[in-house]
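Written out below as C-alpha cells is the structure these notes cover.
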Amino acid sequence: MFNDATEERCGAKLTMEENNPKISCIVPVYNVEKYLKRCIDSILAQTFTNFELILVDDGSSDCCPAICDEYAKKDERVQVIHKENGGLGYARNSGLDIARGKYITFVDSDDYIPNNAMEILMANIKDSDLCAGEHISFKESTPKYKNSIKSEVLYTGEIFRNILNIKLPYNYQFGKLYKKELFETVRYSNLLYEDVEINYRLLSQCKKVTICYSVVYFYNVGNQNSITSCHFTKRHFDQILTARILSENVEKNFPFLKANCRKYFCNTNLVVLKRLMKSKCTKEFPTQYREIMNCFYKNKKYLFTDLKLSKKIKVLLKIVFFDFYFLFTKSFISAR
C-alpha cells in the first residue's frame with residue numbers, strides 16, 4: 001500500500017502540491033440509484049488511499065443526488081457537484097475543472113472497480129503519460145479472474161497501430177490513469193462515443209504509454225438504461241463519426257498506418273450496421289444506411305479478403321450488398 005502524501009514529514013509544513021491528492025477519480029452520475037452505492041463503495045475501499053472522489057450529479061431525477069451528498073458527509077475525500085443535465089461529456093468536464101490530483105481516472109456510476117485498481121495503476125504508470133489496465137464485463141455477478149503481472153511500454157507509432165487493430169484497451173475512458181496535464185487543452189464533447197475521439201487527442205500528446213495486463217475495472221453490460229444499451233437512435237452513428245476522425249487523423253500523421261486505418265473504419269461501420277439491423281430500423285435511417293454501404297462498397301475487396309470476418313458475417317454482407325443494389329436500381333428506374 002502507498003503512503004498517504006498528506007502526512008507530515010519530519011514536522012515540516014506541507015506544500016500546496018503535497019497537500020493535494022495524487023489521484024482525482026471522477027464519476028459522472030445520472031439516474032443510477034440501483035448501482036451507485038456499489039460504485040462509490042468500491043472506490044472508497046481502495047488500498048491506495050491518497051485520492052479525491054468527485055461525484056458529478058448530472059441533473060438526476062432519482063435518489064442519486066441524496067446518495068452523493070450522504071457520502072460527502074461521511075468521507076472528506078468525496079466532493080459533489082450538482083448541475084443541470086448536460087450529458088456525460090460535460091459532466092466529466094465539470095469534474096476536470098475542479099480536480100486537484102496529479103493523475104486523473106474515470107469510473108462510470110453503474111460500474112465498479114476492484115479494491116486494488118488504483119494501486120495497480122499507480123505502481124505501473126512510473127514515467128509514462130498514461131497507464132491502461134484490463135477490464136472484465138459482467139451482467140450480474142463479477143466472474144472469477146486471475147491477474148497478470150505482465151506490462152509493456154509503447155511509444156507513439158505503436159500506440160496508434162494497436163488502437164486501429166483493436167488489440168489494446170485504448171478506446172474506453174475507464175480503466176486508465178492519465179497525467180492531469182494531458183487535459184490542459186482537451187475537454188469532452190457530447191458525442192455518444194466521445195471516448196474514441198478524446199483518447200486520440202490525449203494519446204497524441206503521449207510520448208510513452210504503459211499497458212498493464214491486470215484487471216482494474218468491472219464493466220456493467222447488464223444496465224439496459226445505459227447510453228450504449230438503449231434502443232438504436234441517430235446518435236449511435238456518432239460511433240462512425242468518431243472512427244472517421246480517428247482514422248483520418250492517424251493516417252495524416254502516420255501514413256504507414258493507412259491500411260490499419262481502413263480496417264478500423266470498416267470494422268466500426270460493420271459494428272454499427274449489425275446493431276442497426278438487429279434493431280430492425282434500417283428504413284428509419286436511409287441516408288446513414290447508404291453511407292455505410294458506400295464505405296463497404298469502396299472497400300469490398302478488402303472486406304472479403306483481407307479483413308478477418310466469420311462466414312456468417314460475410315454472408316450477411318453479401319445479402320446486404322444485394323439488397324442495397326436492388327434498392328438503388330429500383331430508385332434509379334423510378335426516378336426515370
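By convention in this document, the chains of the C-alpha cells carry letters A, B, ... by their order, each chain's residues are numbered from 1, and ligands are numbered from 1 in the order they are shown.
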
Please provide as an NGL selection string all residues within 10 Å of A:Asn299, with the sequence filter that same-chain residues fewer than 6 positions apart are discarded (counting only C-alpha atoms).
-> :A and (262-263 or 266 or 293)

Residue selection dump (N, CA, C and O atoms) as a PDB file, in the first residue's frame:
```
ATOM      1  N   ARG A 262      -7.945   1.959 -42.595  1.00  0.00           N
ATOM      2  CA  ARG A 262      -9.053   1.458 -43.405  1.00  0.00           C
ATOM      3  C   ARG A 262      -9.756   0.292 -42.700  1.00  0.00           C
ATOM      4  O   ARG A 262     -10.981   0.217 -42.642  1.00  0.00           O
ATOM      5  N   LYS A 263      -8.959  -0.609 -42.141  1.00  0.00           N
ATOM      6  CA  LYS A 263      -9.524  -1.755 -41.426  1.00  0.00           C
ATOM      7  C   LYS A 263     -10.353  -1.293 -40.232  1.00  0.00           C
ATOM      8  O   LYS A 263     -11.472  -1.783 -40.007  1.00  0.00           O
ATOM      9  N   CYS A 266     -13.692   0.370 -41.407  1.00  0.00           N
ATOM     10  CA  CYS A 266     -14.636  -0.647 -41.885  1.00  0.00           C
ATOM     11  C   CYS A 266     -15.215  -1.453 -40.723  1.00  0.00           C
ATOM     12  O   CYS A 266     -16.410  -1.759 -40.694  1.00  0.00           O
ATOM     13  N   MET A 293     -23.138   1.529 -46.595  1.00  0.00           N
ATOM     14  CA  MET A 293     -22.995   0.679 -47.774  1.00  0.00           C
ATOM     15  C   MET A 293     -21.914   1.210 -48.714  1.00  0.00           C
ATOM     16  O   MET A 293     -21.152   0.442 -49.308  1.00  0.00           O
TER      17      MET A 293
END
```

Just the residues within 6 Å of stretch 115-130 of chain A, please, counting only C-alpha atoms, with nothing from its chain fewer than 4 positions along; format it as a PyMOL selection string.
-> chain A and resi 45-48+177-179+206+208-209+216

Put those residues in a file: N, CA and C atoms, as a short mmCIF file (atom, residue, chain, number, x, y, z; two decimals), in the first residue's frame.
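Result saved to result-v2.cif:
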```cif
data_model
loop_
_atom_site.label_atom_id
_atom_site.label_comp_id
_atom_site.auth_asym_id
_atom_site.auth_seq_id
_atom_site.Cartn_x
_atom_site.Cartn_y
_atom_site.Cartn_z
N ALA A 45 -13.07 1.96 -0.92
CA ALA A 45 -12.39 0.80 -0.31
C ALA A 45 -11.01 0.54 -0.91
N GLN A 46 -10.49 1.47 -1.71
CA GLN A 46 -9.21 1.27 -2.38
C GLN A 46 -8.05 1.13 -1.39
N THR A 47 -7.12 0.24 -1.70
CA THR A 47 -5.91 0.08 -0.87
C THR A 47 -5.01 1.30 -1.01
N PHE A 48 -5.07 1.97 -2.15
CA PHE A 48 -4.39 3.25 -2.32
C PHE A 48 -5.36 4.33 -1.86
N LEU A 177 -5.25 5.55 -16.07
CA LEU A 177 -4.74 6.61 -15.21
C LEU A 177 -4.00 7.57 -16.12
N TYR A 178 -4.44 8.84 -16.14
CA TYR A 178 -3.88 9.86 -17.02
C TYR A 178 -3.11 10.89 -16.22
N LYS A 179 -2.00 11.37 -16.76
CA LYS A 179 -1.39 12.56 -16.18
C LYS A 179 -2.35 13.73 -16.40
N CYS A 206 0.93 11.88 -25.82
CA CYS A 206 1.72 10.92 -25.04
C CYS A 206 2.99 10.50 -25.78
N LYS A 208 4.84 8.20 -24.15
CA LYS A 208 5.05 6.87 -23.60
C LYS A 208 3.78 6.42 -22.87
N VAL A 209 3.34 5.19 -23.15
CA VAL A 209 2.13 4.63 -22.52
C VAL A 209 2.45 3.25 -21.96
N VAL A 216 -8.47 -3.94 -13.71
CA VAL A 216 -8.64 -2.76 -12.85
C VAL A 216 -10.05 -2.19 -12.95
#
```

In stretch 84-121 of chain A, what's alpha helix (DSSP H) per DSSP? Answer as a ChimeraX atom specification?
-> /A:88-98,117-121

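Minimum distance to A:Glu248 across A:Leu36, A:Leu164, A:Val56, A:Val221 (counting only C-alpha atoms) occurs at A:Leu164.
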
Looking at A:Thr105, A:Thr49, A:Ser204, A:Ser151, which one is nearest to A:Val186, with distances taken over only C-alpha atoms?
-> A:Ser204

Fewer than 3 positions away in the same chain doesn't count, so skip those; otherwise give me all residues within 12 Å of A:Ile136, counting only C-alpha atoms, as an NGL selection string.
-> :A and (111-114 or 133 or 139 or 141-147 or 169 or 174-175 or 213-221)

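Rounded to one decimal, atom CA of A:Lys150 and atom CA of A:Cys212 lie 6.4 Å from each other.
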
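For stretch 135-274 of chain A, the set of residues given strand (DSSP E) by DSSP on the backbone reads A:His135, A:Ile136, A:Ser137, A:Phe138, A:Ser151, A:Glu152, A:Val153, A:Leu154, A:Tyr155, A:Lys176, A:Leu177, A:Tyr178, A:Lys179, A:Lys208, A:Val209, A:Thr210, A:Ile211, A:Cys212, A:Tyr213, A:Ser214, A:Val215, A:Val216, A:Tyr217, A:Phe218, A:Tyr219, A:Asn220.
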
Output C-alpha atoms for every residue in that selection, as a PDB file, in the first residue's frame.
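Okay, again-v9.pdb is ready:
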```pdb
ATOM      1  CA  HIS A 135     -11.468  -4.715 -17.684  1.00  0.00           C
ATOM      2  CA  ILE A 136     -13.986  -7.519 -17.222  1.00  0.00           C
ATOM      3  CA  SER A 137     -17.564  -7.239 -18.493  1.00  0.00           C
ATOM      4  CA  PHE A 138     -20.360  -8.582 -16.303  1.00  0.00           C
ATOM      5  CA  SER A 151       3.052  -4.988 -18.509  1.00  0.00           C
ATOM      6  CA  GLU A 152       4.605  -3.327 -21.537  1.00  0.00           C
ATOM      7  CA  VAL A 153       5.577   0.159 -22.621  1.00  0.00           C
ATOM      8  CA  LEU A 154       4.582   1.508 -26.035  1.00  0.00           C
ATOM      9  CA  TYR A 155       5.601   4.631 -27.942  1.00  0.00           C
ATOM     10  CA  LYS A 176      -6.905   4.209 -17.159  1.00  0.00           C
ATOM     11  CA  LEU A 177      -4.740   6.612 -15.213  1.00  0.00           C
ATOM     12  CA  TYR A 178      -3.880   9.856 -17.025  1.00  0.00           C
ATOM     13  CA  LYS A 179      -1.393  12.561 -16.184  1.00  0.00           C
ATOM     14  CA  LYS A 208       5.048   6.865 -23.603  1.00  0.00           C
ATOM     15  CA  VAL A 209       2.132   4.630 -22.524  1.00  0.00           C
ATOM     16  CA  THR A 210       2.166   1.661 -20.157  1.00  0.00           C
ATOM     17  CA  ILE A 211      -0.181  -1.266 -20.770  1.00  0.00           C
ATOM     18  CA  CYS A 212      -0.877  -3.261 -17.635  1.00  0.00           C
ATOM     19  CA  TYR A 213      -2.496  -6.687 -18.017  1.00  0.00           C
ATOM     20  CA  SER A 214      -4.121  -6.686 -14.590  1.00  0.00           C
ATOM     21  CA  VAL A 215      -7.881  -6.232 -14.179  1.00  0.00           C
ATOM     22  CA  VAL A 216      -8.645  -2.762 -12.849  1.00  0.00           C
ATOM     23  CA  TYR A 217     -12.284  -2.315 -13.882  1.00  0.00           C
ATOM     24  CA  PHE A 218     -15.621  -4.142 -13.851  1.00  0.00           C
ATOM     25  CA  TYR A 219     -17.803  -3.039 -16.775  1.00  0.00           C
ATOM     26  CA  ASN A 220     -21.555  -3.459 -16.366  1.00  0.00           C
TER      27      ASN A 220
END
```

Check the smallest atom-to-atom distance from each of A:Cys131, A:Cys261, A:Cys64, A:Cys25 to A:Leu246 using only C-alpha atoms, then report the winner.
-> A:Cys261

For A:Asn260, work out the shell of residues within 9 Å, counting only C-alpha atoms and skipping chain neighbours fewer than 2 positions away, then give it as a ChimeraX atom specification.
-> /A:161,164-165,247,251,256-258,262-265

With C-alpha atoms retained, write the just-selected residues as a PDB file, in the first residue's frame.
```
ATOM      1  CA  ARG A 161      -1.201   0.773 -34.574  1.00  0.00           C
ATOM      2  CA  LEU A 164      -6.533   0.633 -35.015  1.00  0.00           C
ATOM      3  CA  ASN A 165      -6.053  -3.126 -34.706  1.00  0.00           C
ATOM      4  CA  SER A 247      -8.666   7.141 -38.750  1.00  0.00           C
ATOM      5  CA  GLU A 251      -3.471   8.353 -41.474  1.00  0.00           C
ATOM      6  CA  PHE A 256       2.460   3.908 -42.772  1.00  0.00           C
ATOM      7  CA  LEU A 257      -0.750   3.048 -40.853  1.00  0.00           C
ATOM      8  CA  LYS A 258      -3.056   3.691 -43.829  1.00  0.00           C
ATOM      9  CA  ARG A 262      -9.053   1.458 -43.405  1.00  0.00           C
ATOM     10  CA  LYS A 263      -9.524  -1.755 -41.426  1.00  0.00           C
ATOM     11  CA  TYR A 264     -10.529   0.150 -38.301  1.00  0.00           C
ATOM     12  CA  PHE A 265     -13.054   2.351 -40.114  1.00  0.00           C
TER      13      PHE A 265
END
```

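Considering the residues A:Cys68, A:Ile245, A:Val107, A:Ile26 and counting only C-alpha atoms, A:His82 has its shortest atom-to-atom contact with A:Cys68.
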
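Atom CA of A:Tyr188 is found 4.9 Å from atom CA of A:Gly89.
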
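For A:Tyr172, the set of protein, DNA and RNA residues having any atom at most 12 Å away, when counting only C-alpha atoms and skipping those fewer than 6 positions along the same chain, is Thr105, Phe106, Val107, Asp108, Ala132, Gly133, Glu134, His135, Ile163, Ile166, Tyr193, Glu194, Asp195, Val196, Glu197, Ile198, Asn199, Tyr200, Tyr217 and Tyr219 of chain A.
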
Selected residues written out, C-alpha atoms, as a short mmCIF file (atom, residue, chain, number, x, y, z; two decimals), in the first residue's frame:
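Everything below was put into again31.cif:
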```
data_model
loop_
_atom_site.label_atom_id
_atom_site.label_comp_id
_atom_site.auth_asym_id
_atom_site.auth_seq_id
_atom_site.Cartn_x
_atom_site.Cartn_y
_atom_site.Cartn_z
CA THR A 105 -9.09 8.40 -13.57
CA PHE A 106 -12.75 7.92 -14.53
CA VAL A 107 -15.35 5.44 -13.30
CA ASP A 108 -18.88 5.21 -14.71
CA ALA A 132 -4.17 1.45 -19.24
CA GLY A 133 -5.38 -1.68 -17.45
CA GLU A 134 -7.72 -4.54 -18.33
CA HIS A 135 -11.47 -4.72 -17.68
CA ILE A 163 -5.68 1.20 -31.36
CA ILE A 166 -8.36 -3.07 -31.66
CA TYR A 193 -18.90 7.65 -28.44
CA GLU A 194 -16.71 10.55 -27.35
CA ASP A 195 -14.17 8.19 -25.72
CA VAL A 196 -12.65 7.30 -29.10
CA GLU A 197 -12.23 10.90 -30.22
CA ILE A 198 -10.96 12.20 -26.87
CA ASN A 199 -8.49 9.34 -26.46
CA TYR A 200 -6.98 10.17 -29.86
CA TYR A 217 -12.28 -2.31 -13.88
CA TYR A 219 -17.80 -3.04 -16.77
#
```

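Going from atom CA of A:Tyr103 over to atom CA of A:Asn253, you cover 27.3 Å.
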
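Here the question is which of A:His236, A:Arg77, A:Arg92, A:Lys22 gets nearest to A:Leu44 using only C-alpha atoms, and that residue is A:Arg77.
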
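Closest to A:Ser109 among A:Ser148, A:Gln173, A:Thr268, A:Asn31 is A:Asn31, based on only C-alpha atoms.
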